[in-house]
Every structure is written in structure tokens, then in C-alpha cells.
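Listing of protein_37.pdb, PDB, C-alpha atoms
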```
ATOM      1  CA  MET A   1     -67.137  25.792  68.295
ATOM      2  CA  HIS A   2     -67.827  22.621  66.306
ATOM      3  CA  ILE A   3     -69.349  23.591  62.949
ATOM      4  CA  PRO A   4     -72.202  21.275  61.913
ATOM      5  CA  ASP A   5     -72.853  20.412  58.268
ATOM      6  CA  GLY A   6     -74.949  23.033  56.516
ATOM      7  CA  PHE A   7     -73.258  26.135  57.953
ATOM      8  CA  ILE A   8     -70.403  26.307  55.451
ATOM      9  CA  SER A   9     -70.440  26.138  51.652
ATOM     10  CA  ALA A  10     -68.887  23.376  49.536
ATOM     11  CA  PRO A  11     -65.926  25.563  48.434
ATOM     12  CA  VAL A  12     -65.143  26.523  52.047
ATOM     13  CA  ALA A  13     -65.485  22.893  53.181
ATOM     14  CA  THR A  14     -63.186  21.792  50.337
ATOM     15  CA  ALA A  15     -60.543  24.477  50.919
ATOM     16  CA  THR A  16     -60.382  23.823  54.663
ATOM     17  CA  GLY A  17     -60.448  20.090  53.948
ATOM     18  CA  VAL A  18     -57.318  20.483  51.805
ATOM     19  CA  ILE A  19     -55.640  22.529  54.565
ATOM     20  CA  ALA A  20     -56.500  19.875  57.156
ATOM     21  CA  VAL A  21     -55.284  16.934  55.060
ATOM     22  CA  ALA A  22     -52.058  18.746  54.170
ATOM     23  CA  ALA A  23     -51.457  19.682  57.809
ATOM     24  CA  ILE A  24     -52.021  16.082  58.953
ATOM     25  CA  ALA A  25     -49.666  14.746  56.267
ATOM     26  CA  VAL A  26     -46.893  17.144  57.309
ATOM     27  CA  ALA A  27     -47.613  16.416  60.984
ATOM     28  CA  VAL A  28     -47.134  12.674  60.421
ATOM     29  CA  LYS A  29     -43.800  13.337  58.703
ATOM     30  CA  LYS A  30     -42.577  15.770  61.360
ATOM     31  CA  THR A  31     -43.578  13.769  64.435
ATOM     32  CA  ASN A  32     -42.515  10.453  62.925
ATOM     33  CA  LYS A  33     -38.871  11.315  63.459
ATOM     34  CA  LYS A  34     -39.165  12.291  67.110
ATOM     35  CA  MET A  35     -41.744  10.082  68.781
ATOM     36  CA  GLY A  36     -40.136   8.506  71.851
ATOM     37  CA  GLU A  37     -40.855   6.388  74.915
ATOM     38  CA  LYS A  38     -42.610   9.146  76.894
ATOM     39  CA  GLN A  39     -44.247  10.923  73.975
ATOM     40  CA  VAL A  40     -46.480   7.958  73.091
ATOM     41  CA  PRO A  41     -48.448   7.889  76.383
ATOM     42  CA  MET A  42     -48.431  11.708  76.508
ATOM     43  CA  MET A  43     -50.131  11.801  73.097
ATOM     44  CA  GLY A  44     -52.781   9.345  74.305
ATOM     45  CA  VAL A  45     -53.351  11.054  77.647
ATOM     46  CA  LEU A  46     -53.669  14.484  76.025
ATOM     47  CA  ALA A  47     -56.214  13.211  73.486
ATOM     48  CA  ALA A  48     -58.231  11.560  76.282
ATOM     49  CA  PHE A  49     -58.002  14.611  78.545
ATOM     50  CA  ILE A  50     -58.933  17.043  75.766
ATOM     51  CA  PHE A  51     -61.954  14.941  74.749
ATOM     52  CA  ALA A  52     -63.225  14.708  78.324
ATOM     53  CA  ALA A  53     -62.517  18.356  79.154
ATOM     54  CA  GLN A  54     -64.308  19.489  75.975
ATOM     55  CA  MET A  55     -67.488  17.891  77.350
ATOM     56  CA  LEU A  56     -67.425  20.198  80.362
ATOM     57  CA  ASN A  57     -69.066  23.339  79.048
ATOM     58  CA  PHE A  58     -68.827  26.246  81.456
ATOM     59  CA  PRO A  59     -71.324  29.123  81.443
ATOM     60  CA  VAL A  60     -69.963  32.484  80.307
ATOM     61  CA  VAL A  61     -72.584  35.169  79.798
ATOM     62  CA  GLY A  62     -76.180  35.614  78.687
ATOM     63  CA  GLY A  63     -77.142  31.938  78.580
ATOM     64  CA  THR A  64     -74.074  31.008  76.553
ATOM     65  CA  SER A  65     -71.438  28.447  77.429
ATOM     66  CA  GLY A  66     -67.944  27.715  76.247
ATOM     67  CA  HIS A  67     -65.651  24.752  76.395
ATOM     68  CA  PHE A  68     -61.954  24.014  76.562
ATOM     69  CA  VAL A  69     -60.283  23.395  73.187
ATOM     70  CA  GLY A  70     -56.928  22.078  74.396
ATOM     71  CA  ALA A  71     -54.779  22.969  71.389
ATOM     72  CA  ALA A  72     -52.652  25.368  73.440
ATOM     73  CA  LEU A  73     -52.011  22.795  76.164
ATOM     74  CA  ALA A  74     -51.046  20.171  73.579
ATOM     75  CA  ALA A  75     -48.863  22.627  71.636
ATOM     76  CA  ILE A  76     -46.946  23.696  74.740
ATOM     77  CA  LEU A  77     -46.398  20.107  75.884
ATOM     78  CA  LEU A  78     -45.691  18.411  72.551
ATOM     79  CA  GLY A  79     -45.399  21.096  69.860
ATOM     80  CA  PRO A  80     -47.795  22.296  67.149
ATOM     81  CA  TRP A  81     -47.466  19.361  64.731
ATOM     82  CA  ALA A  82     -48.224  16.778  67.400
ATOM     83  CA  THR A  83     -51.174  19.033  68.313
ATOM     84  CA  VAL A  84     -52.532  18.761  64.779
ATOM     85  CA  LEU A  85     -52.575  14.962  65.150
ATOM     86  CA  ILE A  86     -54.155  15.035  68.614
ATOM     87  CA  LEU A  87     -56.881  17.579  67.835
ATOM     88  CA  SER A  88     -57.626  15.940  64.469
ATOM     89  CA  SER A  89     -58.144  12.603  66.244
ATOM     90  CA  VAL A  90     -60.426  14.209  68.829
ATOM     91  CA  LEU A  91     -62.454  16.009  66.151
ATOM     92  CA  VAL A  92     -62.760  12.914  63.941
ATOM     93  CA  VAL A  93     -64.062  10.809  66.846
ATOM     94  CA  GLN A  94     -66.417  13.597  67.975
ATOM     95  CA  SER A  95     -67.812  13.881  64.457
ATOM     96  CA  LEU A  96     -68.021  10.151  63.626
ATOM     97  CA  VAL A  97     -69.104   8.742  66.981
ATOM     98  CA  PHE A  98     -70.794  11.621  68.785
ATOM     99  CA  GLN A  99     -72.199  13.623  65.848
ATOM    100  CA  ASP A 100     -70.566  16.757  67.248
ATOM    101  CA  GLY A 101     -69.270  18.731  64.275
ATOM    102  CA  GLY A 102     -70.296  17.811  60.729
ATOM    103  CA  LEU A 103     -68.436  15.216  58.654
ATOM    104  CA  LEU A 104     -68.194  17.634  55.717
ATOM    105  CA  ALA A 105     -67.193  20.424  58.106
ATOM    106  CA  LEU A 106     -64.408  18.292  59.598
ATOM    107  CA  GLY A 107     -61.754  20.101  57.556
ATOM    108  CA  ALA A 108     -62.935  23.475  58.846
ATOM    109  CA  ASN A 109     -63.056  22.266  62.450
ATOM    110  CA  ILE A 110     -59.557  20.754  62.198
ATOM    111  CA  THR A 111     -58.256  23.941  60.565
ATOM    112  CA  ASN A 112     -59.751  26.145  63.305
ATOM    113  CA  MET A 113     -59.275  24.137  66.490
ATOM    114  CA  GLY A 114     -56.224  22.097  65.460
ATOM    115  CA  VAL A 115     -54.073  24.064  63.025
ATOM    116  CA  ILE A 116     -54.896  27.709  63.819
ATOM    117  CA  ALA A 117     -55.348  27.239  67.573
ATOM    118  CA  GLY A 118     -52.277  25.003  67.827
ATOM    119  CA  PHE A 119     -49.831  27.135  65.858
ATOM    120  CA  SER A 120     -50.991  30.519  67.156
ATOM    121  CA  SER A 121     -50.764  29.468  70.795
ATOM    122  CA  TYR A 122     -47.417  27.775  70.257
ATOM    123  CA  TYR A 123     -45.678  30.808  68.767
ATOM    124  CA  ILE A 124     -47.254  33.295  71.179
ATOM    125  CA  TYR A 125     -46.194  31.019  74.060
ATOM    126  CA  LYS A 126     -42.673  30.707  72.646
ATOM    127  CA  GLY A 127     -42.338  34.469  72.216
ATOM    128  CA  ILE A 128     -43.485  35.338  75.734
ATOM    129  CA  ASP A 129     -41.484  32.502  77.280
ATOM    130  CA  ALA A 130     -38.334  33.835  75.600
ATOM    131  CA  LEU A 131     -39.138  37.381  76.722
ATOM    132  CA  PHE A 132     -39.251  36.112  80.322
ATOM    133  CA  LYS A 133     -35.996  34.208  79.711
ATOM    134  CA  ASN A 134     -37.811  30.859  79.978
ATOM    135  CA  SER A 135     -38.578  31.328  83.671
ATOM    136  CA  LYS A 136     -41.512  29.509  85.303
ATOM    137  CA  ALA A 137     -43.520  32.730  85.287
ATOM    138  CA  GLY A 138     -42.785  33.218  81.601
ATOM    139  CA  THR A 139     -43.944  29.711  80.784
ATOM    140  CA  LEU A 140     -47.246  30.235  82.601
ATOM    141  CA  VAL A 141     -47.881  33.764  81.308
ATOM    142  CA  GLY A 142     -47.055  32.621  77.773
ATOM    143  CA  ALA A 143     -49.326  29.618  78.161
ATOM    144  CA  GLY A 144     -52.252  31.712  79.411
ATOM    145  CA  VAL A 145     -51.929  34.409  76.760
ATOM    146  CA  GLY A 146     -51.300  31.847  74.012
ATOM    147  CA  ALA A 147     -54.338  29.843  75.083
ATOM    148  CA  TRP A 148     -56.545  32.947  75.068
ATOM    149  CA  PHE A 149     -55.417  33.876  71.550
ATOM    150  CA  SER A 150     -55.861  30.302  70.313
ATOM    151  CA  VAL A 151     -59.577  30.385  71.109
ATOM    152  CA  VAL A 152     -60.151  33.927  69.854
ATOM    153  CA  LEU A 153     -58.273  33.323  66.574
ATOM    154  CA  ALA A 154     -60.026  29.983  66.002
ATOM    155  CA  SER A 155     -63.386  31.706  66.532
ATOM    156  CA  LEU A 156     -62.445  34.439  64.045
ATOM    157  CA  ALA A 157     -61.462  31.784  61.484
ATOM    158  CA  CYS A 158     -64.835  30.150  62.104
ATOM    159  CA  ALA A 159     -66.531  33.548  61.606
ATOM    160  CA  ALA A 160     -64.624  34.030  58.335
ATOM    161  CA  GLU A 161     -65.713  30.605  57.096
ATOM    162  CA  LEU A 162     -69.345  31.373  57.945
ATOM    163  CA  SER A 163     -69.269  34.740  56.217
ATOM    164  CA  ILE A 164     -67.475  33.481  53.088
ATOM    165  CA  SER A 165     -70.145  30.769  52.951
ATOM    166  CA  GLY A 166     -72.860  33.454  53.007
ATOM    167  CA  THR A 167     -74.273  32.167  56.302
ATOM    168  CA  SER A 168     -73.742  35.424  58.187
ATOM    169  CA  PRO A 169     -72.474  38.889  57.226
ATOM    170  CA  TRP A 170     -68.777  39.378  58.065
ATOM    171  CA  ALA A 171     -69.219  42.289  60.506
ATOM    172  CA  ILE A 172     -71.858  40.448  62.516
ATOM    173  CA  ALA A 173     -69.948  37.155  62.458
ATOM    174  CA  ILE A 174     -66.671  38.577  63.771
ATOM    175  CA  THR A 175     -68.378  40.668  66.452
ATOM    176  CA  ALA A 176     -70.565  37.846  67.714
ATOM    177  CA  MET A 177     -67.973  35.070  67.498
ATOM    178  CA  GLY A 178     -64.983  37.154  68.556
ATOM    179  CA  GLY A 179     -66.869  38.822  71.405
ATOM    180  CA  VAL A 180     -68.071  35.720  73.207
ATOM    181  CA  HIS A 181     -64.820  33.845  72.558
ATOM    182  CA  MET A 182     -62.825  36.625  74.205
ATOM    183  CA  LEU A 183     -64.628  35.474  77.352
ATOM    184  CA  ILE A 184     -64.421  31.747  76.617
ATOM    185  CA  GLY A 185     -60.695  32.257  75.962
ATOM    186  CA  ILE A 186     -60.218  33.312  79.592
ATOM    187  CA  GLY A 187     -61.475  29.870  80.617
ATOM    188  CA  GLU A 188     -59.072  28.275  78.134
ATOM    189  CA  GLY A 189     -56.194  30.287  79.603
ATOM    190  CA  LEU A 190     -57.063  29.392  83.191
ATOM    191  CA  ILE A 191     -57.407  25.649  82.477
ATOM    192  CA  THR A 192     -54.169  25.579  80.446
ATOM    193  CA  VAL A 193     -52.224  27.380  83.196
ATOM    194  CA  ALA A 194     -53.733  25.159  85.906
ATOM    195  CA  VAL A 195     -52.767  21.939  84.120
ATOM    196  CA  LEU A 196     -49.253  23.193  83.351
ATOM    197  CA  SER A 197     -48.789  24.328  86.987
ATOM    198  CA  LEU A 198     -49.797  20.868  88.163
ATOM    199  CA  ILE A 199     -47.308  19.209  85.807
ATOM    200  CA  MET A 200     -44.607  21.722  86.770
ATOM    201  CA  ALA A 201     -45.100  20.980  90.465
ATOM    202  CA  THR A 202     -45.211  17.191  90.125
ATOM    203  CA  ARG A 203     -43.353  16.080  86.992
ATOM    204  CA  ALA A 204     -41.487  19.048  85.504
ATOM    205  CA  ASP A 205     -39.575  16.655  83.195
ATOM    206  CA  LEU A 206     -42.810  16.111  81.253
ATOM    207  CA  LEU A 207     -42.654  19.730  80.072
ATOM    208  CA  LYS A 208     -39.733  18.834  77.839
ATOM    209  CA  LEU A 209     -41.255  16.314  75.445
ATOM    210  CA  GLN A 210     -41.800  18.565  72.420
ATOM    211  CA  VAL A 211     -41.684  16.474  69.273
ATOM    212  CA  ALA A 212     -42.633  18.923  66.566
TER     213      ALA A 212
ATOM    214  CA  MET B   1     -46.115   2.012  94.943
ATOM    215  CA  LYS B   2     -45.581   4.842  92.524
ATOM    216  CA  SER B   3     -48.138   4.852  89.732
ATOM    217  CA  LYS B   4     -47.026   5.675  86.248
ATOM    218  CA  TRP B   5     -47.681   9.342  85.450
ATOM    219  CA  TRP B   6     -49.757   8.606  82.393
ATOM    220  CA  ILE B   7     -52.086   6.321  84.357
ATOM    221  CA  ILE B   8     -52.710   9.283  86.659
ATOM    222  CA  GLY B   9     -53.292  11.506  83.619
ATOM    223  CA  LEU B  10     -55.746   9.048  82.093
ATOM    224  CA  SER B  11     -57.516   8.725  85.457
ATOM    225  CA  ILE B  12     -57.955  12.496  85.619
ATOM    226  CA  ALA B  13     -59.466  12.419  82.109
ATOM    227  CA  LEU B  14     -61.846   9.625  83.132
ATOM    228  CA  LEU B  15     -62.770  11.564  86.253
ATOM    229  CA  LEU B  16     -63.704  14.543  84.061
ATOM    230  CA  ALA B  17     -65.866  12.248  81.912
ATOM    231  CA  ILE B  18     -67.587  10.957  85.046
ATOM    232  CA  ILE B  19     -68.434  14.469  86.261
ATOM    233  CA  SER B  20     -69.473  15.602  82.750
ATOM    234  CA  PRO B  21     -73.213  15.645  83.606
ATOM    235  CA  ILE B  22     -72.530  18.847  85.593
ATOM    236  CA  ALA B  23     -71.540  20.654  82.352
ATOM    237  CA  SER B  24     -73.499  23.775  81.448
ATOM    238  CA  LYS B  25     -76.442  22.983  79.145
ATOM    239  CA  PHE B  26     -76.330  26.445  77.588
ATOM    240  CA  PRO B  27     -75.515  26.506  73.856
ATOM    241  CA  ASP B  28     -71.840  27.224  73.145
ATOM    242  CA  GLY B  29     -70.570  30.405  71.475
ATOM    243  CA  LEU B  30     -71.188  29.210  67.913
ATOM    244  CA  ASP B  31     -74.578  27.619  68.658
ATOM    245  CA  ARG B  32     -75.730  30.760  70.476
ATOM    246  CA  PHE B  33     -74.638  32.903  67.528
ATOM    247  CA  ALA B  34     -76.516  30.594  65.130
ATOM    248  CA  GLU B  35     -79.674  30.783  67.251
ATOM    249  CA  ASP B  36     -79.532  34.553  67.745
ATOM    250  CA  HIS B  37     -78.984  35.189  64.050
ATOM    251  CA  GLU B  38     -81.477  32.612  62.889
ATOM    252  CA  PHE B  39     -79.254  30.340  60.886
ATOM    253  CA  ALA B  40     -79.317  27.468  63.383
ATOM    254  CA  ASP B  41     -81.903  25.708  61.188
ATOM    255  CA  LYS B  42     -79.307  25.542  58.410
ATOM    256  CA  ALA B  43     -77.628  22.717  60.324
ATOM    257  CA  VAL B  44     -78.074  19.452  58.437
ATOM    258  CA  GLU B  45     -79.020  16.353  60.431
ATOM    259  CA  PRO B  46     -76.152  13.839  60.414
ATOM    260  CA  ALA B  47     -76.483  10.955  57.939
ATOM    261  CA  PHE B  48     -76.157   8.449  60.787
ATOM    262  CA  THR B  49     -75.944   8.647  64.563
ATOM    263  CA  LEU B  50     -73.992   6.474  66.981
ATOM    264  CA  ILE B  51     -73.894   8.306  70.334
ATOM    265  CA  PRO B  52     -75.527  11.649  69.500
ATOM    266  CA  ASP B  53     -75.305  14.554  71.979
ATOM    267  CA  TYR B  54     -72.844  12.641  74.182
ATOM    268  CA  SER B  55     -75.703  10.532  75.447
ATOM    269  CA  PHE B  56     -75.478   6.744  75.124
ATOM    270  CA  PRO B  57     -78.731   5.635  73.455
ATOM    271  CA  GLY B  58     -81.295   3.486  75.258
ATOM    272  CA  ILE B  59     -80.441   4.588  78.792
ATOM    273  CA  THR B  60     -83.214   6.326  80.721
ATOM    274  CA  SER B  61     -81.009   8.178  83.191
ATOM    275  CA  GLU B  62     -79.636  11.186  81.329
ATOM    276  CA  ALA B  63     -76.647  11.503  83.658
ATOM    277  CA  THR B  64     -75.728   7.822  83.297
ATOM    278  CA  ALA B  65     -76.041   8.018  79.501
ATOM    279  CA  THR B  66     -73.695  11.025  79.474
ATOM    280  CA  ILE B  67     -71.167   9.345  81.774
ATOM    281  CA  ILE B  68     -71.074   6.181  79.643
ATOM    282  CA  ALA B  69     -70.649   8.268  76.477
ATOM    283  CA  GLY B  70     -67.906  10.320  78.100
ATOM    284  CA  VAL B  71     -65.953   7.364  79.472
ATOM    285  CA  LEU B  72     -66.243   5.530  76.142
ATOM    286  CA  GLY B  73     -65.023   8.549  74.189
ATOM    287  CA  THR B  74     -62.144   9.137  76.594
ATOM    288  CA  LEU B  75     -60.989   5.510  76.270
ATOM    289  CA  ILE B  76     -61.426   5.523  72.469
ATOM    290  CA  LEU B  77     -59.288   8.654  72.167
ATOM    291  CA  PHE B  78     -56.608   7.321  74.493
ATOM    292  CA  GLY B  79     -56.416   4.029  72.588
ATOM    293  CA  LEU B  80     -56.550   5.596  69.149
ATOM    294  CA  VAL B  81     -53.897   8.266  69.715
ATOM    295  CA  PHE B  82     -51.671   5.996  71.833
ATOM    296  CA  GLY B  83     -51.819   3.507  68.947
ATOM    297  CA  LEU B  84     -51.145   6.153  66.332
ATOM    298  CA  ALA B  85     -48.181   7.489  68.286
ATOM    299  CA  SER B  86     -46.807   3.937  68.793
ATOM    300  CA  LEU B  87     -46.997   3.423  65.055
ATOM    301  CA  LEU B  88     -45.062   6.625  64.440
ATOM    302  CA  LYS B  89     -42.512   5.546  67.034
ATOM    303  CA  SER B  90     -41.972   2.101  65.501
ATOM    304  CA  ASN B  91     -41.590   3.731  62.079
ATOM    305  CA  ASN B  92     -38.883   5.761  63.634
ATOM    306  CA  GLU B  93     -36.994   2.725  64.913
ATOM    307  CA  ALA B  94     -37.286   0.752  61.669
TER     308      ALA B  94
END
```
Take the structure from the file and write it as C-alpha cells.
Amino acid sequence: MHIPDGFISAPVATATGVIAVAAIAVAVKKTNKKMGEKQVPMMGVLAAFIFAAQMLNFPVVGGTSGHFVGAALAAILLGPWATVLILSSVLVVQSLVFQDGGLLALGANITNMGVIAGFSSYYIYKGIDALFKNSKAGTLVGAGVGAWFSVVLASLACAAELSISGTSPWAIAITAMGGVHMLIGIGEGLITVAVLSLIMATRADLLKLQVA
Amino acid sequence: MKSKWWIIGLSIALLLAIISPIASKFPDGLDRFAEDHEFADKAVEPAFTLIPDYSFPGITSEATATIIAGVLGTLILFGLVFGLASLLKSNNEA
């Protein structure tokens, strides 16, 4: 879902750039106060894992593939603000070093896959987890549903940016992007639940590191 | 000896990078949409390239080039974000 340069207009790139910079600034402030002994390696491991997992495109339908985003996993483990920092780092390195995602589109990509995916999954997860009285099942159901929504909502934000930029008509953009990402989101949900189950079974204490 | 949990986590990430050549070569959701609706050619070539397409330049074996790119990226991200988080932590203690 990495937008290259040329797909979005200068106003859209600027507006999403402002959102991304503001989100990163707040994220630094929020996480600054709570970063501890275990959170530091968890931040690094999540960034490394998300980068590597994003390389592993899986086929979905009709010659199309999807890939893990990882914002939901990061948000559940460390909270949405830490997620903004992790996903922003991943997206900056992907853009600068690997030419995946445009430099001018960086703000849009951070807004979609960091901010929108991170916050939406976090609050959906929180809501479902509370509904299930924070049981193991609730954590996993919330994680799966939150992860699915994170990908679908990020793809709809991407569609909105493309249509505001005049690249594609709105109706076509939301149908095409939303449709295929409803499938890709299932992959996101499965991977997120699998990783959380593994952590739950081996080091359940690592589920309680939320910084902000 | 019990390994530290984050070394296991980083090893899993590196393992994913090593198997990355098996990834689907199909275009992703956005790229497919761009191709189907004929705006893919709007994409502007990057001003400079370092390791484009997750393929380390100058290596004939495509799989090897992908693995090197993947392992490098995984280590860069671990180092960068570990460092960033350490900085935030030390700020906290100061």
C-alpha cells in the first residue's frame, strides 16, 4: 500500500505531511515519559519484524498480493503512539533506502499505515477486549478484528488521497482499494493473532509493555 | 542457557528476511489498482536509488540479492528504532 511519488497532489502530500510530522512530535512526547528497560528492545524487534514481514507478500486473488502492515501488532503490544514511531521509522527506511513509497508521499504513507492503522486497531482492540472482560479470547478476537479494520481503513484513506488528488474517481477508488484490502486484512488479522498467541504462550509478561 | 527474548524476536525477523525470496511477485492491492485503472504510469521515478525493489544491486542471483537487502533492512530498522527508543529512555531518566 506504499504510495509512490506522482500518485498524490502537492496539497494532499502537504496536508498528510503535516499530519505525520504532528503525530511524530506528539508520539515522541508521549513515549518519552514511559520508555523502560523492556520497551527499548521491543521497539527495535517490532520495527525489524515489521520490515521483514512486509517483504513477504502473500497472494490474495486475481493476480494480486498483499502484505502485512504491522500497525495493529505494534499498537496492541506498545500502544498507538509508540506505533507511530515504529511505522514511521519503517516507512522512512523503506522510502530512503529501498525506494518503496515516494519521499514526497511519505506523509501520506505514515498517515495511512502508521497513524490511521495504529489508532483504529488500538481502539477497536481495546473495545472488544473490554467486552470480553480482558480474557485471552477477547485479546485475540480484538486483535484480529482490529488488525482487519486497520488495513481496510488505511486502504480507504489511501483511496481518499488518490481521489482528492484527481488520480482516480472516488467511487472507483474506494471499491477497488477497499475490496481487495478486505481480503488482505484477513491476512493481517491472522498474522497478528498468530504472533500474539506465540507471545501469550511463551512470554505473557511482554503483553503488558504499553507505553502510549 | 536461556536466550534473551528479544534476541529470539530479532532472529525470527531475520529468518523472515532470509525466506523473503518466496514472497508473491504479484503486484500489491494499490499497484494492481493503479495498473487496472491505468494510472500506474503516473508514478515518478525516485530521484536516487540505493537498494531498489529490495534487491541489492550488482548481485546476479535474484534470491541472494533479495536476502541481502532483507537482512540489511531488518538490521537497520532494529538498530535505528532500538537507538531511538534508548534515546527516549535516557531522556526520561535525565
*Figure out the distance between CA of Asp28 (chain B) and CA of Leu46 (chain A), please, to one decimal in Å.*
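Here the two named atoms are 22.4 Å from each other.
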Would you give me, as CSV, each residue of chain A having an atom within 8 Å of an atom of chain B, along with its shortest atom pair and that distance in Å to one decimal, using only C-alpha atoms and sorting by chain and residue number?
```
residue,atom,partner,partner_atom,distance
A:Met1,CA,B:Leu30,CA,5.3
A:His2,CA,B:Leu30,CA,7.6
A:Ile3,CA,B:Leu30,CA,7.7
A:Pro4,CA,B:Ala43,CA,5.8
A:Asp5,CA,B:Val44,CA,5.3
A:Gly6,CA,B:Ala43,CA,4.7
A:Phe7,CA,B:Ala43,CA,6.0
A:Val28,CA,B:Leu88,CA,7.6
A:Thr31,CA,B:Leu88,CA,7.3
A:Asn32,CA,B:Leu88,CA,4.8
A:Lys33,CA,B:Asn92,CA,5.6
A:Lys34,CA,B:Asn92,CA,7.4
A:Met35,CA,B:Lys89,CA,4.9
A:Gly36,CA,B:Lys89,CA,6.1
A:Gln39,CA,B:Ala85,CA,7.7
A:Val40,CA,B:Ala85,CA,5.1
A:Pro41,CA,B:Phe82,CA,5.9
A:Met42,CA,B:Trp6,CA,6.8
A:Met43,CA,B:Phe82,CA,6.1
A:Gly44,CA,B:Phe82,CA,4.3
A:Val45,CA,B:Leu10,CA,5.4
A:Leu46,CA,B:Phe78,CA,7.9
A:Ala47,CA,B:Leu77,CA,5.7
A:Ala48,CA,B:Thr74,CA,4.6
A:Phe49,CA,B:Ala13,CA,4.4
A:Ile50,CA,B:Ala13,CA,7.9
A:Phe51,CA,B:Thr74,CA,6.1
A:Ala52,CA,B:Ala17,CA,5.1
A:Ala53,CA,B:Leu16,CA,6.3
A:Met55,CA,B:Ser20,CA,6.2
A:Leu56,CA,B:Ala23,CA,4.6
A:Asn57,CA,B:Ala23,CA,4.9
A:Phe58,CA,B:Ser24,CA,5.3
A:Pro59,CA,B:Ser24,CA,5.8
A:Gly63,CA,B:Phe26,CA,5.6
A:Thr64,CA,B:Phe26,CA,5.2
A:Ser65,CA,B:Asp28,CA,4.5
A:Gly66,CA,B:Asp28,CA,5.0
A:His67,CA,B:Asp28,CA,7.4
A:Ile86,CA,B:Val81,CA,6.9
A:Ser89,CA,B:Val81,CA,7.0
A:Val90,CA,B:Leu77,CA,6.6
A:Val93,CA,B:Leu77,CA,7.5
A:Leu96,CA,B:Leu50,CA,7.8
A:Val97,CA,B:Leu50,CA,5.4
A:Phe98,CA,B:Pro52,CA,4.8
A:Gln99,CA,B:Pro52,CA,5.3
A:Asp100,CA,B:Asp53,CA,7.0
A:Gly102,CA,B:Pro46,CA,7.1
A:Thr167,CA,B:Phe39,CA,7.0
A:Ser168,CA,B:His37,CA,7.9
A:Ala176,CA,B:Phe33,CA,6.4
A:Met177,CA,B:Gly29,CA,6.7
A:Val180,CA,B:Gly29,CA,6.1
A:His181,CA,B:Gly29,CA,6.8
```
*Run the PyMOL selection byres ((chain A and resi 191) around 12) against the file shown and list the residues it catches, as a ChimeraX atom specification.*
/A:49-50,53-54,56,58,67-73,140,143-145,147-148,184-190,192-198
*Quote the spacing between CA of Lys4 (chain B) and CA of Glu37 (chain A) in Å to one decimal place.*
12.9 Å
*Could you tell me which residues the PyMOL selection byres ((chain A and resi 114-122) around 10) grabs in this file, written as a PyMOL selection string?*
chain A and resi 19-20+23-24+69-91+107-113+123-127+142-155+157
